[in-house]
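Pasted below: work-v4.pdb, PDB, C-alpha atoms.
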```pdb
ATOM      1  CA  MET N  27     -16.027   0.929 -37.524
ATOM      2  CA  ARG N  28     -14.523   1.610 -34.079
ATOM      3  CA  LYS N  29     -12.983   4.763 -32.648
ATOM      4  CA  GLY N  30     -11.169   6.237 -29.677
ATOM      5  CA  VAL N  31     -12.215   9.471 -27.978
ATOM      6  CA  ASP N  32      -9.974  11.575 -25.725
ATOM      7  CA  ILE N  33     -11.859  14.052 -23.526
ATOM      8  CA  GLY N  34      -9.737  17.025 -22.496
ATOM      9  CA  GLY N  35     -10.425  20.420 -21.008
ATOM     10  CA  SER N  36     -10.080  22.283 -24.301
ATOM     11  CA  PHE N  37     -10.581  19.651 -26.997
ATOM     12  CA  ILE N  38     -12.193  16.300 -27.578
ATOM     13  CA  LYS N  39     -10.017  14.322 -29.970
ATOM     14  CA  VAL N  40     -11.206  11.388 -32.053
ATOM     15  CA  TYR N  41      -9.121   8.648 -33.663
ATOM     16  CA  TRP N  42     -10.997   6.341 -36.047
ATOM     17  CA  GLU N  43     -10.074   2.773 -36.953
ATOM     18  CA  ASP N  44      -9.464   3.839 -40.557
ATOM     19  CA  GLY N  45      -6.950   6.480 -39.437
ATOM     20  CA  ARG N  46      -9.190   9.559 -39.579
ATOM     21  CA  ARG N  47      -8.588  12.138 -36.867
ATOM     22  CA  GLU N  48     -10.861  14.872 -35.569
ATOM     23  CA  LYS N  49     -10.516  17.628 -32.994
ATOM     24  CA  HIS N  50     -13.527  19.380 -31.459
ATOM     25  CA  TYR N  51     -13.045  22.590 -29.463
ATOM     26  CA  ILE N  52     -15.120  22.435 -26.274
ATOM     27  CA  ARG N  53     -13.519  24.867 -23.806
ATOM     28  CA  ASP N  54     -16.439  27.307 -24.180
ATOM     29  CA  ILE N  55     -18.925  24.689 -22.936
ATOM     30  CA  SER N  56     -16.779  22.531 -20.631
ATOM     31  CA  LYS N  57     -17.946  24.411 -17.519
ATOM     32  CA  ASP N  58     -21.620  23.847 -18.306
ATOM     33  CA  GLY N  59     -22.133  20.273 -17.093
ATOM     34  CA  LYS N  60     -25.369  19.497 -18.929
ATOM     35  CA  LEU N  61     -24.284  21.028 -22.239
ATOM     36  CA  PHE N  62     -20.826  19.446 -21.970
ATOM     37  CA  LEU N  63     -22.199  15.941 -21.402
ATOM     38  CA  GLN N  64     -24.610  16.374 -24.292
ATOM     39  CA  ARG N  65     -21.722  17.345 -26.573
ATOM     40  CA  ILE N  66     -19.627  14.378 -25.399
ATOM     41  CA  ARG N  67     -22.508  12.052 -26.206
ATOM     42  CA  GLU N  68     -22.940  13.588 -29.670
ATOM     43  CA  ILE N  69     -19.251  13.170 -30.490
ATOM     44  CA  VAL N  70     -19.070   9.600 -29.181
ATOM     45  CA  PHE N  71     -22.183   8.481 -31.077
ATOM     46  CA  GLU N  72     -21.319  10.360 -34.288
ATOM     47  CA  GLY N  73     -20.796   7.958 -37.195
ATOM     48  CA  TYR N  74     -22.527   5.097 -35.361
ATOM     49  CA  PRO N  75     -19.357   3.280 -34.257
ATOM     50  CA  SER N  76     -19.637  -0.359 -33.202
ATOM     51  CA  SER N  77     -17.343   0.166 -30.209
ATOM     52  CA  VAL N  78     -15.708   3.187 -28.570
ATOM     53  CA  GLY N  79     -12.855   3.632 -26.141
ATOM     54  CA  VAL N  80     -13.067   6.809 -24.072
ATOM     55  CA  ALA N  81     -10.002   8.321 -22.381
ATOM     56  CA  VAL N  82     -10.562  10.973 -19.738
ATOM     57  CA  ALA N  83      -8.108  12.886 -17.563
ATOM     58  CA  GLY N  84      -8.657  12.204 -13.893
ATOM     59  CA  PHE N  85      -9.339   9.548 -11.288
ATOM     60  CA  THR N  86     -11.603   7.187 -13.208
ATOM     61  CA  SER N  87     -13.035   4.004 -11.674
ATOM     62  CA  LEU N  88     -13.362   0.609 -13.319
ATOM     63  CA  GLU N  89     -17.100   1.315 -13.551
ATOM     64  CA  GLY N  90     -16.514   4.464 -15.607
ATOM     65  CA  VAL N  91     -17.117   7.014 -12.837
ATOM     66  CA  VAL N  92     -14.884  10.096 -12.988
ATOM     67  CA  TYR N  93     -14.298  10.681  -9.285
ATOM     68  CA  LYS N  94     -12.132  13.743  -9.829
ATOM     69  CA  SER N  95     -10.826  15.508 -12.920
ATOM     70  CA  PRO N  96      -8.657  18.511 -11.904
ATOM     71  CA  ASN N  97      -8.742  20.043 -15.394
ATOM     72  CA  ILE N  98     -12.372  19.143 -16.212
ATOM     73  CA  PRO N  99     -14.374  19.727 -12.993
ATOM     74  CA  ALA N 100     -17.663  19.397 -14.899
ATOM     75  CA  LEU N 101     -16.944  15.653 -15.020
ATOM     76  CA  ASP N 102     -16.409  15.226 -11.279
ATOM     77  CA  GLY N 103     -18.685  12.454 -10.044
ATOM     78  CA  VAL N 104     -20.072  11.681 -13.516
ATOM     79  CA  ASN N 105     -20.622   8.068 -14.573
ATOM     80  CA  LEU N 106     -19.655   8.281 -18.239
ATOM     81  CA  LYS N 107     -20.827   4.744 -18.958
ATOM     82  CA  GLU N 108     -24.329   5.800 -17.932
ATOM     83  CA  VAL N 109     -24.075   9.010 -19.963
ATOM     84  CA  LEU N 110     -23.038   6.911 -22.976
ATOM     85  CA  GLU N 111     -25.597   4.168 -22.472
ATOM     86  CA  GLY N 112     -26.661   2.589 -25.755
ATOM     87  CA  ILE N 113     -23.203   2.016 -27.200
ATOM     88  CA  ASN N 114     -20.417  -0.465 -26.456
ATOM     89  CA  VAL N 115     -17.962   1.728 -24.557
ATOM     90  CA  LYS N 116     -14.845   1.402 -22.376
ATOM     91  CA  VAL N 117     -13.929   4.324 -20.119
ATOM     92  CA  VAL N 118     -10.423   4.657 -18.667
ATOM     93  CA  ASN N 119      -7.945   7.240 -17.445
ATOM     94  CA  ASP N 120      -6.351   9.028 -20.388
ATOM     95  CA  VAL N 121      -2.727   8.081 -19.716
ATOM     96  CA  SER N 122      -3.644   4.458 -19.016
ATOM     97  CA  ALA N 123      -5.239   4.488 -22.466
ATOM     98  CA  GLY N 124      -2.139   6.151 -23.910
ATOM     99  CA  ALA N 125       0.082   3.484 -22.354
ATOM    100  CA  PHE N 126      -1.972   0.711 -23.931
ATOM    101  CA  GLY N 127      -1.742   2.461 -27.286
ATOM    102  CA  GLU N 128       2.045   2.613 -26.980
ATOM    103  CA  TRP N 129       2.152  -1.132 -26.366
ATOM    104  CA  PHE N 130      -0.470  -2.013 -28.989
ATOM    105  CA  TYR N 131       1.014  -0.009 -31.858
ATOM    106  CA  ASP N 132       4.726   0.370 -31.099
ATOM    107  CA  HIS N 133       6.009  -1.975 -28.367
ATOM    108  CA  ARG N 134       4.249  -5.338 -28.617
ATOM    109  CA  GLU N 135       7.430  -7.111 -27.492
ATOM    110  CA  SER N 136       7.339  -5.340 -24.111
ATOM    111  CA  ARG N 137       6.284  -7.321 -21.044
ATOM    112  CA  VAL N 138       6.105  -4.337 -18.668
ATOM    113  CA  LEU N 139       5.684  -0.941 -20.338
ATOM    114  CA  LEU N 140       5.659   2.291 -18.345
ATOM    115  CA  PHE N 141       4.325   5.373 -20.109
ATOM    116  CA  VAL N 142       4.824   8.807 -18.530
ATOM    117  CA  ALA N 143       3.124  11.812 -20.124
ATOM    118  CA  VAL N 144       4.074  15.347 -19.118
ATOM    119  CA  GLY N 145       2.040  18.340 -20.213
ATOM    120  CA  THR N 146      -0.411  20.441 -18.231
ATOM    121  CA  GLY N 147       0.072  17.814 -15.525
ATOM    122  CA  LEU N 148       1.918  14.525 -15.181
ATOM    123  CA  GLY N 149       0.261  11.160 -15.658
ATOM    124  CA  ALA N 150       1.412   7.591 -16.108
ATOM    125  CA  GLY N 151       0.141   4.249 -17.309
ATOM    126  CA  LEU N 152       1.394   0.684 -17.103
ATOM    127  CA  VAL N 153       0.843  -2.271 -19.436
ATOM    128  CA  VAL N 154       1.742  -5.734 -18.102
ATOM    129  CA  ASN N 155       1.787  -8.701 -20.471
ATOM    130  CA  GLY N 156      -0.401  -6.855 -22.959
ATOM    131  CA  LYS N 157      -3.035  -5.657 -20.482
ATOM    132  CA  PRO N 158      -3.357  -2.198 -18.898
ATOM    133  CA  PHE N 159      -2.772  -2.295 -15.148
ATOM    134  CA  LEU N 160      -5.556  -0.220 -13.600
ATOM    135  CA  GLY N 161      -5.351  -1.307  -9.958
ATOM    136  CA  ALA N 162      -8.164  -2.449  -7.686
ATOM    137  CA  CYS N 163     -10.379   0.585  -8.347
ATOM    138  CA  GLY N 164      -9.019   2.038 -11.583
ATOM    139  CA  SER N 165      -6.716   4.697 -10.130
ATOM    140  CA  ALA N 166      -3.334   2.960 -10.477
ATOM    141  CA  LEU N 167      -0.267   4.832 -11.727
ATOM    142  CA  GLU N 168      -1.088   8.289 -10.404
ATOM    143  CA  LEU N 169       2.662   8.850 -10.316
ATOM    144  CA  GLY N 170       2.259  12.582 -10.677
ATOM    145  CA  HIS N 171       1.026  12.633  -7.106
ATOM    146  CA  HIS N 172       3.782  10.659  -5.456
ATOM    147  CA  THR N 173       5.948  12.842  -3.238
ATOM    148  CA  ILE N 174       9.498  13.486  -4.356
ATOM    149  CA  LEU N 175      10.277  16.391  -1.987
ATOM    150  CA  LEU N 176       8.755  16.579   1.497
ATOM    151  CA  GLY N 177       7.399  20.058   2.165
ATOM    152  CA  GLY N 178       8.073  21.038  -1.425
ATOM    153  CA  GLU N 179       6.105  23.136  -3.890
ATOM    154  CA  ARG N 180       2.323  22.905  -3.972
ATOM    155  CA  CYS N 181       0.776  20.627  -6.560
ATOM    156  CA  SER N 182      -2.530  21.186  -8.351
ATOM    157  CA  CYS N 183      -3.962  18.435  -6.130
ATOM    158  CA  GLY N 184      -3.237  20.564  -3.041
ATOM    159  CA  ARG N 185      -0.433  18.402  -1.644
ATOM    160  CA  LEU N 186       3.169  19.515  -1.269
ATOM    161  CA  GLY N 187       6.143  18.111  -3.133
ATOM    162  CA  CYS N 188       4.363  15.980  -5.742
ATOM    163  CA  TRP N 189       6.287  14.998  -8.867
ATOM    164  CA  GLU N 190       3.799  16.980 -10.956
ATOM    165  CA  ALA N 191       4.574  20.133  -8.962
ATOM    166  CA  TYR N 192       7.979  20.153 -10.682
ATOM    167  CA  CYS N 193       7.433  18.191 -13.900
ATOM    168  CA  SER N 194       4.504  19.838 -15.660
ATOM    169  CA  SER N 195       3.825  23.045 -17.536
ATOM    170  CA  TYR N 196       3.035  24.954 -14.357
ATOM    171  CA  GLY N 197       5.977  23.270 -12.603
ATOM    172  CA  LEU N 198       8.418  24.510 -15.240
ATOM    173  CA  GLU N 199       6.862  27.974 -15.135
ATOM    174  CA  ARG N 200       7.295  28.097 -11.359
ATOM    175  CA  LEU N 201      10.888  26.875 -11.542
ATOM    176  CA  TYR N 202      11.639  29.724 -13.949
ATOM    177  CA  ARG N 203       9.766  32.309 -11.866
ATOM    178  CA  ASN N 204      11.696  31.303  -8.739
ATOM    179  CA  LEU N 205      14.966  31.822 -10.600
ATOM    180  CA  ALA N 206      14.247  34.842 -12.775
ATOM    181  CA  GLY N 207      11.413  36.588 -10.945
ATOM    182  CA  GLU N 208       9.479  36.703 -14.206
ATOM    183  CA  ASP N 209       6.255  34.990 -15.268
ATOM    184  CA  LEU N 210       6.552  33.214 -18.611
ATOM    185  CA  LYS N 211       4.569  30.470 -20.292
ATOM    186  CA  ASP N 212       6.204  27.073 -20.717
ATOM    187  CA  TYR N 213       6.764  27.507 -24.459
ATOM    188  CA  GLN N 214       8.444  30.884 -23.869
ATOM    189  CA  ILE N 215      10.818  29.323 -21.333
ATOM    190  CA  ILE N 216      11.666  26.540 -23.743
ATOM    191  CA  GLN N 217      12.353  29.032 -26.520
ATOM    192  CA  ARG N 218      14.615  31.056 -24.227
ATOM    193  CA  ALA N 219      16.438  27.871 -23.239
ATOM    194  CA  LYS N 220      17.029  27.100 -26.917
ATOM    195  CA  GLU N 221      18.432  30.630 -27.223
ATOM    196  CA  ARG N 222      20.749  29.786 -24.284
ATOM    197  CA  GLU N 223      19.310  32.183 -21.734
ATOM    198  CA  THR N 224      20.848  31.323 -18.345
ATOM    199  CA  TYR N 225      17.683  31.276 -16.198
ATOM    200  CA  ALA N 226      15.781  29.233 -18.761
ATOM    201  CA  LEU N 227      18.599  26.704 -19.002
ATOM    202  CA  GLU N 228      18.704  26.439 -15.203
ATOM    203  CA  ALA N 229      14.939  25.905 -15.053
ATOM    204  CA  VAL N 230      15.124  23.152 -17.665
ATOM    205  CA  ALA N 231      18.061  21.542 -15.849
ATOM    206  CA  SER N 232      16.058  21.554 -12.602
ATOM    207  CA  PHE N 233      13.026  20.098 -14.410
ATOM    208  CA  ARG N 234      15.276  17.371 -15.808
ATOM    209  CA  ARG N 235      16.659  16.475 -12.373
ATOM    210  CA  PHE N 236      13.163  16.065 -10.948
ATOM    211  CA  LEU N 237      12.103  14.082 -14.009
ATOM    212  CA  LEU N 238      14.986  11.668 -13.466
ATOM    213  CA  VAL N 239      14.259  11.247  -9.753
ATOM    214  CA  GLY N 240      10.616  10.420 -10.436
ATOM    215  CA  LEU N 241      11.542   7.989 -13.190
ATOM    216  CA  MET N 242      14.125   6.327 -10.938
ATOM    217  CA  ASN N 243      11.454   5.752  -8.292
ATOM    218  CA  ALA N 244       9.116   4.271 -10.897
ATOM    219  CA  VAL N 245      11.820   1.973 -12.299
ATOM    220  CA  HIS N 246      12.686   0.696  -8.832
ATOM    221  CA  ILE N 247       9.037   0.031  -7.980
ATOM    222  CA  LEU N 248       7.748  -1.315 -11.294
ATOM    223  CA  ASN N 249      10.816  -2.846 -13.017
ATOM    224  CA  PRO N 250       9.684  -2.028 -16.594
ATOM    225  CA  ASP N 251      11.447  -3.222 -19.730
ATOM    226  CA  ARG N 252      10.207  -0.147 -21.639
ATOM    227  CA  VAL N 253       9.967   3.428 -20.385
ATOM    228  CA  VAL N 254       8.142   5.671 -22.870
ATOM    229  CA  LEU N 255       7.984   9.440 -22.429
ATOM    230  CA  GLY N 256       5.341  11.580 -24.105
ATOM    231  CA  GLY N 257       3.062  14.558 -23.692
ATOM    232  CA  GLY N 258       3.184  18.058 -25.124
ATOM    233  CA  LEU N 259       5.859  19.386 -22.785
ATOM    234  CA  ILE N 260       8.203  16.450 -23.359
ATOM    235  CA  ASP N 261       7.720  16.799 -27.121
ATOM    236  CA  ALA N 262       8.629  20.482 -26.947
ATOM    237  CA  MET N 263      11.649  19.948 -24.660
ATOM    238  CA  LYS N 264      13.060  16.778 -26.199
ATOM    239  CA  ASP N 265      16.099  18.484 -27.714
ATOM    240  CA  LEU N 266      16.976  20.017 -24.343
ATOM    241  CA  LEU N 267      16.830  16.848 -22.243
ATOM    242  CA  GLY N 268      20.061  15.193 -23.357
ATOM    243  CA  ASN N 269      20.728  11.484 -22.891
ATOM    244  CA  LEU N 270      18.046  10.628 -20.372
ATOM    245  CA  GLU N 271      18.430   6.874 -20.752
ATOM    246  CA  THR N 272      22.109   6.862 -19.757
ATOM    247  CA  ASP N 273      21.578   9.188 -16.811
ATOM    248  CA  LEU N 274      18.517   7.270 -15.620
ATOM    249  CA  LYS N 275      20.386   3.965 -15.755
ATOM    250  CA  ASP N 276      23.228   5.543 -13.769
ATOM    251  CA  LEU N 277      20.758   6.545 -11.040
ATOM    252  CA  CYS N 278      19.089   3.136 -10.835
ATOM    253  CA  GLU N 279      20.284  -0.089  -9.258
ATOM    254  CA  SER N 280      22.102  -2.297 -11.752
ATOM    255  CA  LEU N 281      19.503  -5.079 -12.098
ATOM    256  CA  PRO N 282      16.455  -2.920 -13.005
ATOM    257  CA  ALA N 283      18.764  -0.598 -14.977
ATOM    258  CA  LYS N 284      19.845  -3.328 -17.370
ATOM    259  CA  CYS N 285      16.226  -4.404 -17.976
ATOM    260  CA  PHE N 286      14.800  -1.250 -19.554
ATOM    261  CA  SER N 287      15.229   0.930 -22.604
ATOM    262  CA  LEU N 288      13.890   4.486 -22.797
ATOM    263  CA  HIS N 289      11.895   5.785 -25.769
ATOM    264  CA  PHE N 290      10.026   8.926 -26.787
ATOM    265  CA  SER N 291       6.445   8.539 -27.948
ATOM    266  CA  SER N 292       5.731   9.273 -31.603
ATOM    267  CA  CYS N 293       1.945   9.695 -31.452
ATOM    268  CA  ALA N 294       1.944  13.406 -30.474
ATOM    269  CA  GLU N 295      -1.379  15.059 -29.591
ATOM    270  CA  TYR N 296      -3.575  12.087 -30.560
ATOM    271  CA  CYS N 297      -1.752   9.684 -28.228
ATOM    272  CA  MET N 298      -4.596   9.187 -25.750
ATOM    273  CA  ALA N 299      -7.259   8.953 -28.463
ATOM    274  CA  ARG N 300      -5.131   6.366 -30.264
ATOM    275  CA  GLY N 301      -4.838   4.392 -27.038
ATOM    276  CA  ALA N 302      -8.585   4.597 -26.500
ATOM    277  CA  LEU N 303      -9.069   3.193 -30.002
ATOM    278  CA  ALA N 304      -6.682   0.327 -29.194
ATOM    279  CA  LEU N 305      -8.846  -0.535 -26.185
ATOM    280  CA  ALA N 306     -11.945  -0.509 -28.387
ATOM    281  CA  LEU N 307     -10.238  -2.937 -30.769
ATOM    282  CA  VAL N 308      -9.559  -5.525 -28.055
ATOM    283  CA  ASP N 309     -12.393  -7.648 -26.683
ATOM    284  CA  ASP N 310     -10.856  -9.116 -23.512
ATOM    285  CA  ILE N 311      -9.989  -5.862 -21.709
TER     286      ILE N 311
END
```
Kindly return the structure encoded in the file as structure tokens.
Amino acid sequence: MRKGVDIGGSFIKVYWEDGRREKHYIRDISKDGKLFLQRIREIVFEGYPSSVGVAVAGFTSLEGVVYKSPNIPALDGVNLKEVLEGINVKVVNDVSAGAFGEWFYDHRESRVLLFVAVGTGLGAGLVVNGKPFLGACGSALELGHHTILLGGERCSCGRLGCWEAYCSSYGLERLYRNLAGEDLKDYQIIQRAKERETYALEAVASFRRFLLVGLMNAVHILNPDRVVLGGGLIDAMKDLLGNLETDLKDLCESLPAKCFSLHFSSCAEYCMARGALALALVDDI
């Protein structure tokens, strides 16, 4: 039996080959490096799986080293393959895993699939001819940290004007604060937008504009035939985003525009764990 494991800052999620799903709360121990790594090992080895895919948020090398994880600093510099020695394991960036899961389960006909996940931050993954594109070192598709506005708002990475600085939970919260002068959580802003509050609607409209600009850049660079949007924030805002596919095609040049279709992910909170499982099921990746 094989499984996928998604390591986050608050939960570790598990997706088994037989469809079982588990969620382990780990926020209380995630700042204690030794205890956290011990718990990760326990969860990965639990049930004696024959193979495990591990998805982790952050800059993760092909060798399984987490160079930097903004939301899980206890993993910075950790070689997870060494921590998990004794089991057949693949370690990848979480959204790269999620992208492969989208292709493997839902979009096998796609030749170039771009997956963009928006939640606490913004991440992306690319699958080309059925294989995840990880780049030379493993850090490909960090689209959240490409600049869309020079001198713009500060991103969690410390740079100014990153896509994530506008399209993320904290990006939406800042857009609203700049308009209304009030601090609200992302879900509160979304609820107010659904109730037609002016500032909330303006914040969502601004978020949408930045989302489209970032997607346009990605389409022009990568020429995908599938663009899949997911993540907790996208799931919550879906009804407020209108016809993104039409507006994105209108922004793009005609040749790449006619090549792609836009879809919303259906795998919800277990998306990255499902993708990690898909990697564990495939031998030649």
First collect every listed atom of range 56-66 of chain N; then fit an axis-aligned box around them, widen it by 8 Å on each side, and give centre and edge lengths in Å to one decimal, as AutoDock Vina command-line options.
```
--center_x -21.1 --center_y 19.4 --center_z -21.8 --size_x 24.6 --size_y 26.0 --size_z 25.5
```
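For the pair CA of Cys188 in chain N and CA of Phe236 in chain N, the interatomic distance is 10.2 Å.
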Just how far from CA of Val80 in chain N is CA of Phe286 in chain N, in Å to one decimal?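 Between CA of Phe286 in chain N and CA of Val80 in chain N the gap is 29.4 Å.
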* Asked: Can you list, as a PyMOL selection string, the residues that the PyMOL selection byres ((chain N and resi 28) around 8) selects here?
  -> chain N and resi 27+29-30+42-43+75-78+303+306-307
**Asked** Between N:Ser291, N:Asn119, N:Thr272, N:Ser232, which has the minimum distance to Gly258 in chain N (counting all atoms listed in the file)?
**Response**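 Of all the options, N:Ser291 lies closest to Gly258 in chain N.
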Run the PyMOL selection byres ((chain N and resi 161-166) around 10) against the file shown and list the residues it catches, as a ChimeraX atom specification. /N:84-91,93,118-119,122,150-152,158-160,167-169
Expected file contents, prior selection, C-alpha atoms, as a PDB file, in the frame of the given file:
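Writing the result to again30.pdb gives the following:
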```
ATOM      1  CA  GLY N  84      -8.657  12.204 -13.893  1.00  0.00           C
ATOM      2  CA  PHE N  85      -9.339   9.548 -11.288  1.00  0.00           C
ATOM      3  CA  THR N  86     -11.603   7.187 -13.208  1.00  0.00           C
ATOM      4  CA  SER N  87     -13.035   4.004 -11.674  1.00  0.00           C
ATOM      5  CA  LEU N  88     -13.362   0.609 -13.319  1.00  0.00           C
ATOM      6  CA  GLU N  89     -17.100   1.315 -13.551  1.00  0.00           C
ATOM      7  CA  GLY N  90     -16.514   4.464 -15.607  1.00  0.00           C
ATOM      8  CA  VAL N  91     -17.117   7.014 -12.837  1.00  0.00           C
ATOM      9  CA  TYR N  93     -14.298  10.681  -9.285  1.00  0.00           C
ATOM     10  CA  VAL N 118     -10.423   4.657 -18.667  1.00  0.00           C
ATOM     11  CA  ASN N 119      -7.945   7.240 -17.445  1.00  0.00           C
ATOM     12  CA  SER N 122      -3.644   4.458 -19.016  1.00  0.00           C
ATOM     13  CA  ALA N 150       1.412   7.591 -16.108  1.00  0.00           C
ATOM     14  CA  GLY N 151       0.141   4.249 -17.309  1.00  0.00           C
ATOM     15  CA  LEU N 152       1.394   0.684 -17.103  1.00  0.00           C
ATOM     16  CA  PRO N 158      -3.357  -2.198 -18.898  1.00  0.00           C
ATOM     17  CA  PHE N 159      -2.772  -2.295 -15.148  1.00  0.00           C
ATOM     18  CA  LEU N 160      -5.556  -0.220 -13.600  1.00  0.00           C
ATOM     19  CA  LEU N 167      -0.267   4.832 -11.727  1.00  0.00           C
ATOM     20  CA  GLU N 168      -1.088   8.289 -10.404  1.00  0.00           C
ATOM     21  CA  LEU N 169       2.662   8.850 -10.316  1.00  0.00           C
TER      22      LEU N 169
END
```
